[in-house]
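K.L.:
Below is a structure I'd like to ask you about.
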Amino acid sequence: MAQATGDVEREIVVAIPLFHRFTALDAVGPYEALHMIPGVTVRFVSVREGEAVTADIGQLQLISTASFTDLPNPHIIVVPGGPGAFTAVNDAALMDWLKKAHITSTYTTSVCTGALALGAAGLLEGLTATTHWEAYAGLAAYGAIPTETRVIQHGKIITSAGISSGIDMALHLITLLKGEEVAKMVQLLIEYDPQPPYDVGAPSKAGEELVEKTRQFSEYFINTLPAN
């Protein structure tokens, strides 16, 4: 992380757009890794600075620290997913900002169903991409080729799979920005050493019966979300 005398690194601005019913870990996981890097500033953005944006079931809110107008050209975009992602693709303010910000971004990325916004913006057509496994059909509808791979990069576009994979994607970003050693230090600092009790974290590992039961559980979860 050392730099030559007199060499001033530019500030790298990361924008994480928020929308109603985003999934908290999709946004906070990448934030936790990226905000530790010297020279990196992470901003949560929405229509209005200071807006309290509610996560999926309404028990948590994040406050936006900038508006879309305030931050038109971030270096890095990290679009989270969540139950609200399916309607966020019809949010004119969000989608207009995303399309324009992508033109000048260094990297445009997504976590989970945040990939649907990238697809709706026309960024994934013909590309292999990943998202939460329940949203593969929705992703394919935008011309992408869904895959179970946890993190996929095509040039400046990076997609990551469901929820927890945002941390993997953030570490990948850190490697691109600052090198492997810095990424390893961040991984160690946040003690990211996944050792799940069950090896069922992807459909290919879970088996058909568990996948179907999980679909039903997911439907129950979505159907019991509060209206506001």
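Identifiers in the structure tokens: chain A, B, ... in order shown; residue index from 1 per chain; ligand index from 1 in order shown.
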Report as an NGL selection string: the residues of range 85-228 of chain A with a DSSP assignment of helix (DSSP H, G or I), based on the backbone of this structure.
P.N.:
:A and (85-88 or 92-104 or 112-120 or 133-140 or 165-178 or 180-189 or 203-206 or 208-223)
K.L.:
Which range 116-224 of chain A residues have any atom within 9 Å of an atom of range 92-101 of chain A, and for each, what is the nearest pair of atoms with distance in Å to one decimal, counting only C-alpha atoms, rows sorted by chain and number, as a Markdown table?
P.N.:
```
| residue | atom | partner | partner_atom | distance |
| --- | --- | --- | --- | --- |
| A:Ala117 | CA | A:Met95 | CA | 7.3 |
| A:Leu118 | CA | A:Leu98 | CA | 8.1 |
| A:Ala120 | CA | A:Met95 | CA | 8.0 |
| A:Ala121 | CA | A:Lys99 | CA | 5.9 |
| A:Gly122 | CA | A:Lys99 | CA | 8.5 |
| A:Leu123 | CA | A:Lys99 | CA | 8.6 |
```
K.L.:
So which residues of range 112-217 of chain A fall under strand (DSSP E or B) by DSSP, listed as a PyMOL selection string?
P.N.:
chain A and resi 128-129+145-146+151-154+157-160
K.L.:
Which residues, written as a list of chain:residue names, have at least one atom at most 9 Å from Ala144 in chain A, with only C-alpha atoms counted and residues fewer than 3 positions away on the same chain left out?
P.N.:
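The residues that qualify are A:Gly119, A:Leu123, A:Leu124, A:Glu125, A:Gly126, A:Leu127, A:Thr128, A:Ala129, A:Thr130, A:Leu139, A:Ala140, A:Ala141.
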K.L.:
Show which residues sit within 9 Å of Leu171 in chain A, as a ChimeraX atom specification. Count only C-alpha atoms, and ignore same-chain residues fewer than 6 positions away.
P.N.:
/A:30,33-34,180,183-184,186-187
K.L.:
Store the residues picked out above, limited to N, CA and C atoms, as a PDB file, in the first residue's frame.
P.N.:
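Output contents, as saved in out26.pdb:
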```pdb
ATOM      1  N   PRO A  30     -20.401  -5.628   0.702  1.00  0.00           N
ATOM      2  CA  PRO A  30     -19.366  -4.926  -0.064  1.00  0.00           C
ATOM      3  C   PRO A  30     -18.868  -3.660   0.626  1.00  0.00           C
ATOM      4  N   ALA A  33     -16.106  -4.346   3.246  1.00  0.00           N
ATOM      5  CA  ALA A  33     -14.778  -4.623   2.706  1.00  0.00           C
ATOM      6  C   ALA A  33     -14.169  -3.397   2.036  1.00  0.00           C
ATOM      7  N   LEU A  34     -14.961  -2.699   1.227  1.00  0.00           N
ATOM      8  CA  LEU A  34     -14.420  -1.620   0.400  1.00  0.00           C
ATOM      9  C   LEU A  34     -14.074  -0.367   1.197  1.00  0.00           C
ATOM     10  N   GLU A 180      -3.446  -8.049  -4.958  1.00  0.00           N
ATOM     11  CA  GLU A 180      -3.823  -9.244  -4.200  1.00  0.00           C
ATOM     12  C   GLU A 180      -3.488  -9.129  -2.721  1.00  0.00           C
ATOM     13  N   ALA A 183      -6.075  -7.109  -0.863  1.00  0.00           N
ATOM     14  CA  ALA A 183      -7.312  -7.885  -0.757  1.00  0.00           C
ATOM     15  C   ALA A 183      -7.196  -8.951   0.319  1.00  0.00           C
ATOM     16  N   LYS A 184      -6.051  -9.592   0.392  1.00  0.00           N
ATOM     17  CA  LYS A 184      -5.841 -10.615   1.422  1.00  0.00           C
ATOM     18  C   LYS A 184      -5.861 -10.002   2.821  1.00  0.00           C
ATOM     19  N   VAL A 186      -7.512  -7.327   3.760  1.00  0.00           N
ATOM     20  CA  VAL A 186      -8.901  -7.010   4.082  1.00  0.00           C
ATOM     21  C   VAL A 186      -9.664  -8.277   4.446  1.00  0.00           C
ATOM     22  N   GLN A 187      -9.448  -9.336   3.691  1.00  0.00           N
ATOM     23  CA  GLN A 187     -10.118 -10.601   4.006  1.00  0.00           C
ATOM     24  C   GLN A 187      -9.776 -11.072   5.412  1.00  0.00           C
TER      25      GLN A 187
END
```
K.L.:
When distances are computed from only C-alpha atoms, which of A:Val42, A:Ile12, A:Leu210, A:Ala135 shows the smallest separation from Phe86 in chain A?
P.N.:
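Selected residue with least distance to Phe86 in chain A: A:Ala135.
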K.L.:
Which residue gives the smallest distance to Leu62 in chain A among A:Lys156, A:Lys213, A:Arg150, A:Arg43, with only C-alpha atoms counted?
P.N.:
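So, comparing all the options, the nearest one is A:Arg43.
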